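Colleague: Here you go, entry.tsv (TSV, C-alpha atoms):
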```
chain	number	residue	atom	x	y	z
A	763	MET	CA	0.00	0.00	0.00
A	764	THR	CA	0.99	3.66	-0.05
A	765	ASN	CA	2.53	3.29	3.40
A	766	PRO	CA	1.45	0.16	5.29
A	767	ILE	CA	0.67	1.06	8.89
A	768	SER	CA	1.33	-1.24	11.82
A	769	GLY	CA	1.43	-0.67	15.55
A	770	THR	CA	-1.25	-0.25	18.15
A	771	ASN	CA	-0.58	3.16	19.63
A	772	VAL	CA	-0.01	6.74	18.50
A	773	ARG	CA	3.75	6.71	19.04
A	774	GLU	CA	4.27	3.53	17.00
A	775	ILE	CA	2.16	4.82	14.14
A	776	LEU	CA	3.76	8.28	13.98
A	777	ALA	CA	7.18	6.61	13.93
A	778	GLN	CA	6.31	5.28	10.46
A	779	THR	CA	5.45	8.70	9.00
A	780	VAL	CA	7.31	11.77	7.77
A	781	PHE	CA	7.24	13.18	11.29
A	782	ALA	CA	9.78	10.58	12.40
A	783	ALA	CA	12.44	12.47	10.41
A	784	VAL	CA	12.77	15.02	13.22
A	785	GLY	CA	13.46	12.43	15.89
A	786	ALA	CA	11.49	10.75	18.65
A	787	GLU	CA	11.90	13.57	21.18
A	788	ALA	CA	10.53	16.27	18.88
A	789	MET	CA	7.72	13.97	17.81
A	790	GLU	CA	6.39	13.87	21.38
A	791	ASP	CA	4.70	17.23	20.73
A	792	LEU	CA	2.40	15.47	18.25
A	793	VAL	CA	2.00	12.32	20.33
A	794	ARG	CA	0.36	14.40	23.05
A	795	VAL	CA	-2.34	15.85	20.76
A	796	ALA	CA	-2.93	12.87	18.44
A	797	ARG	CA	-5.79	10.41	18.76
A	798	ILE	CA	-6.81	7.17	17.07
A	799	GLU	CA	-10.36	7.15	15.70
A	800	HIS	CA	-12.46	4.09	14.84
A	801	PHE	CA	-15.55	4.13	12.60
A	802	LYS	CA	-18.07	1.28	12.50
A	803	LEU	CA	-20.23	2.97	9.86
A	804	PRO	CA	-19.45	5.23	6.85
A	805	THR	CA	-18.91	8.67	8.37
A	806	LEU	CA	-18.61	12.22	7.06
A	807	LEU	CA	-15.25	13.56	8.26
A	808	SER	CA	-15.72	17.05	6.82
A	809	ALA	CA	-18.17	18.62	4.40
A	810	ALA	CA	-17.57	20.71	1.28
A	811	GLY	CA	-17.00	24.33	2.20
A	812	GLU	CA	-15.61	23.45	5.63
A	813	SER	CA	-11.95	23.67	6.49
A	814	PRO	CA	-10.94	20.33	8.10
A	815	THR	CA	-9.89	20.67	11.72
A	816	HIS	CA	-7.68	17.57	11.62
A	817	LEU	CA	-5.05	16.00	9.40
A	818	ARG	CA	-5.78	12.27	9.30
A	819	LEU	CA	-3.67	9.27	8.42
A	820	VAL	CA	-5.78	6.36	7.21
A	821	ILE	CA	-4.79	3.25	9.17
A	822	SER	CA	-7.40	0.86	7.78
A	823	GLY	CA	-10.26	1.21	5.32
A	824	HIS	CA	-10.32	4.19	2.97
A	825	VAL	CA	-11.58	7.75	2.54
A	826	GLU	CA	-13.59	8.88	-0.47
A	827	LEU	CA	-13.65	12.41	-1.85
A	828	VAL	CA	-17.19	13.08	-3.02
A	829	THR	CA	-18.41	16.02	-5.07
A	830	ARG	CA	-22.04	16.89	-5.83
A	831	HIS	CA	-23.62	18.28	-8.95
A	832	ILE	CA	-26.34	20.91	-8.73
A	833	SER	CA	-28.77	18.18	-9.84
A	834	GLY	CA	-28.03	16.29	-6.64
A	835	SER	CA	-25.97	13.49	-8.19
A	836	GLU	CA	-22.78	12.43	-6.41
A	837	ILE	CA	-19.44	11.50	-7.95
A	838	VAL	CA	-16.45	9.99	-6.18
A	839	VAL	CA	-13.49	12.01	-7.43
A	840	GLY	CA	-10.80	10.59	-5.18
A	841	HIS	CA	-9.93	7.64	-3.00
A	842	ILE	CA	-7.36	7.62	-0.20
A	843	ALA	CA	-6.30	4.14	0.89
A	844	ALA	CA	-4.61	2.98	4.07
A	845	GLY	CA	-1.33	4.82	4.53
A	846	GLY	CA	-2.63	7.98	2.82
A	847	TRP	CA	-3.12	11.40	4.41
A	848	VAL	CA	-6.42	13.31	4.45
A	849	THR	CA	-5.16	15.79	3.49
A	850	TRP	CA	-1.97	17.85	3.56
A	851	LEU	CA	-3.44	20.55	1.34
A	852	ALA	CA	-5.98	21.31	4.07
A	853	VAL	CA	-3.10	22.09	6.43
A	854	PHE	CA	-1.58	24.78	4.21
A	855	MET	CA	-4.46	26.20	2.15
A	856	THR	CA	-6.87	28.81	3.46
A	857	GLN	CA	-9.56	27.96	0.90
A	858	ALA	CA	-11.89	25.19	2.07
A	859	PRO	CA	-12.20	22.00	-0.04
A	860	THR	CA	-15.09	21.81	-2.50
A	861	HIS	CA	-15.84	18.16	-1.77
A	862	ASP	CA	-16.89	15.96	1.14
A	863	PHE	CA	-14.59	13.50	2.87
A	864	TYR	CA	-16.25	10.19	3.81
A	865	ILE	CA	-14.46	7.40	5.66
A	866	SER	CA	-15.61	3.85	4.96
A	867	ALA	CA	-17.15	1.44	7.44
A	868	SER	CA	-14.86	-0.59	9.73
A	869	SER	CA	-12.08	1.97	9.32
A	870	SER	CA	-9.63	3.68	11.60
A	871	CYS	CA	-7.33	6.66	11.35
A	872	LEU	CA	-4.87	8.76	13.29
A	873	ALA	CA	-6.06	12.34	13.74
A	874	LEU	CA	-3.81	15.37	14.37
A	875	PRO	CA	-5.20	18.88	14.94
A	876	VAL	CA	-4.36	21.06	11.93
A	877	LYS	CA	-3.19	23.96	14.11
A	878	ASP	CA	-0.68	21.69	15.88
A	879	VAL	CA	0.61	20.29	12.60
A	880	GLN	CA	1.08	23.83	11.27
A	881	SER	CA	3.05	24.80	14.38
A	882	PHE	CA	5.13	21.64	14.14
A	883	CYS	CA	6.07	22.30	10.51
A	884	VAL	CA	7.11	25.86	11.35
A	885	GLN	CA	9.30	24.56	14.16
A	886	TYR	CA	10.76	21.75	12.02
A	887	PRO	CA	10.89	23.04	8.41
A	888	GLU	CA	12.80	19.96	7.23
A	889	ILE	CA	9.36	18.35	7.03
A	890	TYR	CA	8.30	20.56	4.11
A	891	PRO	CA	10.28	18.88	1.28
A	892	MET	CA	8.86	15.46	2.21
A	893	VAL	CA	5.32	16.81	2.32
A	894	ILE	CA	5.79	18.56	-1.03
A	895	ARG	CA	6.96	15.28	-2.58
A	896	MET	CA	3.81	13.53	-1.35
A	897	ILE	CA	1.55	16.26	-2.71
A	898	GLY	CA	3.53	16.35	-5.96
A	899	HIS	CA	3.10	12.61	-6.46
A	900	ARG	CA	-0.69	12.89	-6.34
A	901	MET	CA	-0.65	15.93	-8.62
A	902	ARG	CA	1.50	14.10	-11.18
A	903	LEU	CA	-0.94	11.19	-11.24
A	904	LEU	CA	-3.87	13.57	-11.66
A	905	ILE	CA	-2.22	15.35	-14.60
A	906	GLU	CA	-1.24	12.01	-16.13
A	907	TRP	CA	-4.82	10.71	-15.89
A	908	THR	CA	-6.34	13.93	-17.24
A	909	GLY	CA	-4.07	14.08	-20.26
A	910	GLN	CA	-4.30	10.40	-21.16
A	911	SER	CA	-8.08	10.17	-20.72
A	912	VAL	CA	-8.65	12.79	-23.44
A	913	LEU	CA	-6.67	10.91	-26.09
A	914	ALA	CA	-7.25	7.24	-25.27
A	915	THR	CA	-9.87	4.79	-26.46
A	916	PRO	CA	-12.44	3.72	-23.82
A	917	VAL	CA	-10.61	0.49	-22.93
A	918	GLN	CA	-7.24	2.29	-22.82
A	919	ARG	CA	-8.84	4.95	-20.63
A	920	MET	CA	-10.00	2.29	-18.16
A	921	ALA	CA	-6.55	0.71	-18.22
A	922	LYS	CA	-4.98	4.08	-17.46
A	923	LEU	CA	-7.38	4.67	-14.58
A	924	LEU	CA	-6.39	1.31	-13.09
A	925	SER	CA	-2.72	2.15	-13.62
A	926	VAL	CA	-3.01	5.54	-11.92
A	927	LEU	CA	-4.98	4.15	-8.98
A	928	ALA	CA	-2.42	1.37	-8.56
A	929	GLN	CA	0.37	3.95	-8.38
A	930	GLU	CA	-1.63	5.96	-5.87
A	931	GLN	CA	-2.20	2.98	-3.60
A	932	ASN	CA	1.29	1.51	-3.87
A	933	ARG	CA	4.68	3.02	-3.27
A	934	GLN	CA	6.19	1.00	-6.09
A	935	THR	CA	4.65	-0.64	-9.11
A	936	ASP	CA	6.67	-3.36	-10.77
A	937	GLN	CA	6.36	-6.44	-12.95
A	938	ASN	CA	5.78	-8.74	-9.97
A	939	GLY	CA	2.14	-7.76	-9.64
A	940	VAL	CA	0.03	-5.24	-7.76
A	941	THR	CA	-3.27	-5.62	-5.93
A	942	LEU	CA	-5.61	-2.66	-6.39
A	943	TYR	CA	-8.40	-2.28	-3.85
A	944	VAL	CA	-11.30	-0.68	-5.69
A	945	THR	CA	-14.86	-1.59	-6.63
A	946	GLN	CA	-16.29	-1.74	-10.12
A	947	ALA	CA	-18.86	0.87	-9.11
A	948	ARG	CA	-16.14	3.31	-8.17
A	949	LEU	CA	-14.26	2.68	-11.41
A	950	ALA	CA	-17.44	3.43	-13.35
A	951	SER	CA	-17.92	6.65	-11.39
A	952	GLN	CA	-14.38	7.89	-11.96
A	953	ALA	CA	-14.36	6.85	-15.62
A	954	ARG	CA	-17.69	8.65	-16.05
A	955	CYS	CA	-19.42	5.66	-17.61
A	956	SER	CA	-22.23	3.28	-16.69
A	957	ARG	CA	-21.56	0.17	-14.63
A	958	GLN	CA	-22.48	-1.94	-17.66
A	959	THR	CA	-19.89	-0.15	-19.81
A	960	ALA	CA	-17.28	-0.42	-17.04
A	961	ASN	CA	-17.98	-4.14	-16.77
A	962	GLN	CA	-17.49	-4.59	-20.53
A	963	LEU	CA	-14.20	-2.66	-20.50
A	964	LEU	CA	-12.90	-4.60	-17.50
A	965	GLN	CA	-13.81	-7.86	-19.21
A	966	GLN	CA	-11.73	-6.79	-22.22
A	967	LEU	CA	-8.76	-6.11	-19.96
A	968	GLU	CA	-9.27	-9.47	-18.26
A	969	GLN	CA	-9.30	-11.22	-21.64
A	970	GLU	CA	-6.00	-9.51	-22.48
A	971	GLY	CA	-4.56	-10.96	-19.26
A	972	LEU	CA	-3.97	-7.49	-17.86
A	973	ILE	CA	-6.16	-7.81	-14.75
A	974	VAL	CA	-7.63	-10.54	-12.55
A	975	PRO	CA	-10.85	-9.38	-10.85
A	976	GLY	CA	-11.67	-10.27	-7.25
A	977	TYR	CA	-14.11	-9.18	-4.58
A	978	GLY	CA	-13.55	-5.43	-4.14
A	979	GLN	CA	-10.17	-5.66	-5.78
A	980	PHE	CA	-8.23	-6.28	-8.99
A	981	THR	CA	-4.90	-8.00	-9.31
A	982	ILE	CA	-2.59	-6.52	-11.93
A	983	PRO	CA	-0.13	-9.31	-12.82
A	984	ASP	CA	2.20	-6.97	-14.68
A	985	TRP	CA	1.74	-3.25	-14.04
A	986	THR	CA	4.26	-2.25	-16.73
A	987	ARG	CA	2.34	-4.23	-19.35
A	988	LEU	CA	-0.95	-2.65	-18.25
A	989	ASN	CA	0.57	0.82	-18.50
A	990	HIS	CA	1.98	0.10	-21.96
A	991	PHE	CA	-1.46	-1.02	-23.09
A	992	ALA	CA	-3.00	2.17	-21.69
A	993	GLU	CA	-0.50	4.26	-23.63
A	994	GLY	CA	-1.08	2.32	-26.87
A	995	HIS	CA	2.33	0.62	-26.91
A	996	LEU	CA	1.09	-2.96	-26.52
A	997	GLU	CA	0.00	-5.00	-29.52
```
In structure tokens, write the structure found in this file.

Modeller:
Amino acid sequence: MTNPISGTNVREILAQTVFAAVGAEAMEDLVRVARIEHFKLPTLLSAAGESPTHLRLVISGHVELVTRHISGSEIVVGHIAAGGWVTWLAVFMTQAPTHDFYISASSSCLALPVKDVQSFCVQYPEIYPMVIRMIGHRMRLLIEWTGQSVLATPVQRMAKLLSVLAQEQNRQTDQNGVTLYVTQARLASQARCSRQTANQLLQQLEQEGLIVPGYGQFTIPDWTRLNHFAEGHLE
């Protein structure tokens, strides 16, 4: 995953994050204000137009970024898996997000007050380059998906979406295989197509040997091959 999280307490979990770069003693400032949250049911963490009060690290489950059309329809525009942060931009931007943040059922996360994170970063500026790299990684994937989706055929577009999501959920993608945790319904939503169309496109990719579907997940046997197909380089 993006950053597999283990440990049962705040100190153990923070030790696996960017905050550990400043040392255990300095990190105690955050240990004192952090808390672990558990959610049995899908829960709204913060609504569109509201500035989040906490920076959260997803320990288990996932967080969906949901936007609403004036007609009332909802679209999932983002998905943050275990090991991902929700969200660093909220720590540094004064403008409130334009989407809702929902955490899935049976999930948990580590929550840090935004004001304390801001103070910590000012006190330990060596954190900034690492945070910028994390934000930059997500931005690169977004630009890559936007550009490719305009030019690709429908099946290539679906392949590219799977490729981008795999990169978002995993630190490294290689030829040894990647497991992508995502539902077909969510793929249809992000690809802006019907579930029937999404099912047909995924079946094509399965027939090509590029994916192996499972319950709530897809195995990508060879991520490089999938990406080449998405970019039109695979015969």

Colleague: Considering all atoms listed in the file, tabulate each residue of range 940-985 of chain A that lies at most 7 Å from range 828-838 of chain A along with its nearest interatomic pair and the corresponding distance in Å to one decimal; arrange the rows by chain and ascending residue number and present them as CSV.

Modeller:
```
residue,atom,partner,partner_atom,distance
A:Arg948,CA,A:Val838,CA,7.0
A:Ser951,CA,A:Ile837,CA,6.1
A:Gln952,CA,A:Val838,CA,6.5
```

Colleague: Have a look at A:Phe781, A:Phe854, A:Phe801, A:Phe991 and name the one nearest to Ala914 in chain A; count only C-alpha atoms.

Modeller: A:Phe991

Colleague: Tell me which protein, DNA and RNA residues are within 7 Å of Met920 in chain A, counting all atoms listed in the file, leaving out same-chain ones fewer than 4 positions away, and put them as a ChimeraX atom specification.

Modeller: /A:916,924,953,963

Colleague: Name the residues within 7 Å of (-19.5, 1.2, 12.2), counting only C-alpha atoms in the file's coordinates, and put them as a list in words.

Modeller: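 Residues lying no farther than 7 Å from the given point: Phe801, Lys802, Leu803, Pro804, Ala867 and Ser868 of chain A.
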
Colleague: In Å, how far is it from CA of Gly898 in chain A to CA of His824 in chain A?

Modeller: 20.5 Å

Colleague: Just to confirm, what's the straight-line distance from CA of Arg773 in chain A to CA of Glu799 in chain A in Å (one decimal)?

Modeller: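 If I compute the distance from CA of Arg773 in chain A to CA of Glu799 in chain A, I get 14.5 Å.
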
Colleague: Using all atoms listed in the file, which residue out of A:Thr779, A:Thr815, A:Gln969, A:Thr860 lies closest to Gly845 in chain A?

Modeller: A:Thr779

Colleague: Go through A:Val795, A:Val926, A:Ile865, A:Ile889 and flag the residue nearest Ser808 in chain A, using only C-alpha atoms for the distances.

Modeller: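 Among A:Val795, A:Val926, A:Ile865, A:Ile889, it is A:Ile865 that comes nearest to Ser808 in chain A.
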
Colleague: Quick check, in Å to one decimal: how far apart do CA of His990 in chain A and CA of Gly846 in chain A lie?

Modeller: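 CA of His990 in chain A sits 26.4 Å away from CA of Gly846 in chain A.
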
Colleague: Contacts of Val793 in chain A at 9 Å or less, counting only C-alpha atoms, minus same-chain residues fewer than 2 places along, as a PyMOL selection string?

Modeller: chain A and resi 772-773+776+789-791+795-797+874

Colleague: Select all residues near (-6.5, 6.6, 1.6) (cut-off 6 Å, inclusive, file coordinates), counting all atoms listed in the file, and output them as a ChimeraX atom specification.

Modeller: /A:820,824-825,841-844,846

Colleague: Using only C-alpha atoms, find the one residue out of A:Leu827, A:Ala992, A:Leu964, A:Val876 that sits nearest to Val839 in chain A.

Modeller: A:Leu827

Colleague: Closest to Pro814 in chain A among A:Phe863, A:Tyr886, A:Trp847, A:Tyr943, using all atoms listed in the file?

Modeller: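 Using all atoms listed in the file, Pro814 in chain A sits closest to A:Phe863.
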
Colleague: Pick out the closest residue to Leu872 in chain A from this set: A:Leu923, A:Ala852, A:Leu817, A:Leu806. Count only C-alpha atoms.

Modeller: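 Among the listed residues, A:Leu817 lies closest to Leu872 in chain A.
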
Colleague: Would you give the centre and edge lengths, in Å to one decimal, of a box along x, y and z around the listed atoms of range 845-855 of chain A, with 6 Å added to each side, as JSON?

Modeller:
```
{"center_x": -3.9, "center_y": 15.5, "center_z": 3.9, "size_x": 17.1, "size_y": 33.4, "size_z": 17.1}
```

Colleague: How close does each residue of range 877-974 of chain A get to range 980-989 of chain A, giving the shortest atom pair and distance in Å to one decimal for every residue with an atom at most 9 Å away, counting only C-alpha atoms, sorted by chain and residue number, as CSV?

Modeller:
```
residue,atom,partner,partner_atom,distance
A:Ala921,CA,A:Leu988,CA,6.5
A:Lys922,CA,A:Asn989,CA,6.5
A:Leu924,CA,A:Leu988,CA,8.5
A:Ser925,CA,A:Asn989,CA,6.0
A:Val926,CA,A:Asn989,CA,8.9
A:Ala928,CA,A:Trp985,CA,8.3
A:Thr935,CA,A:Trp985,CA,6.3
A:Asp936,CA,A:Trp985,CA,5.9
A:Gln937,CA,A:Asp984,CA,4.5
A:Asn938,CA,A:Asp984,CA,6.2
A:Gly939,CA,A:Pro983,CA,4.2
A:Val940,CA,A:Ile982,CA,5.1
A:Thr941,CA,A:Thr981,CA,4.4
A:Leu942,CA,A:Phe980,CA,5.2
A:Tyr943,CA,A:Phe980,CA,6.5
A:Val944,CA,A:Phe980,CA,7.2
A:Thr945,CA,A:Phe980,CA,8.5
A:Leu967,CA,A:Leu988,CA,8.7
A:Gly971,CA,A:Pro983,CA,8.0
A:Leu972,CA,A:Leu988,CA,5.7
A:Ile973,CA,A:Ile982,CA,4.7
A:Val974,CA,A:Thr981,CA,4.9
```
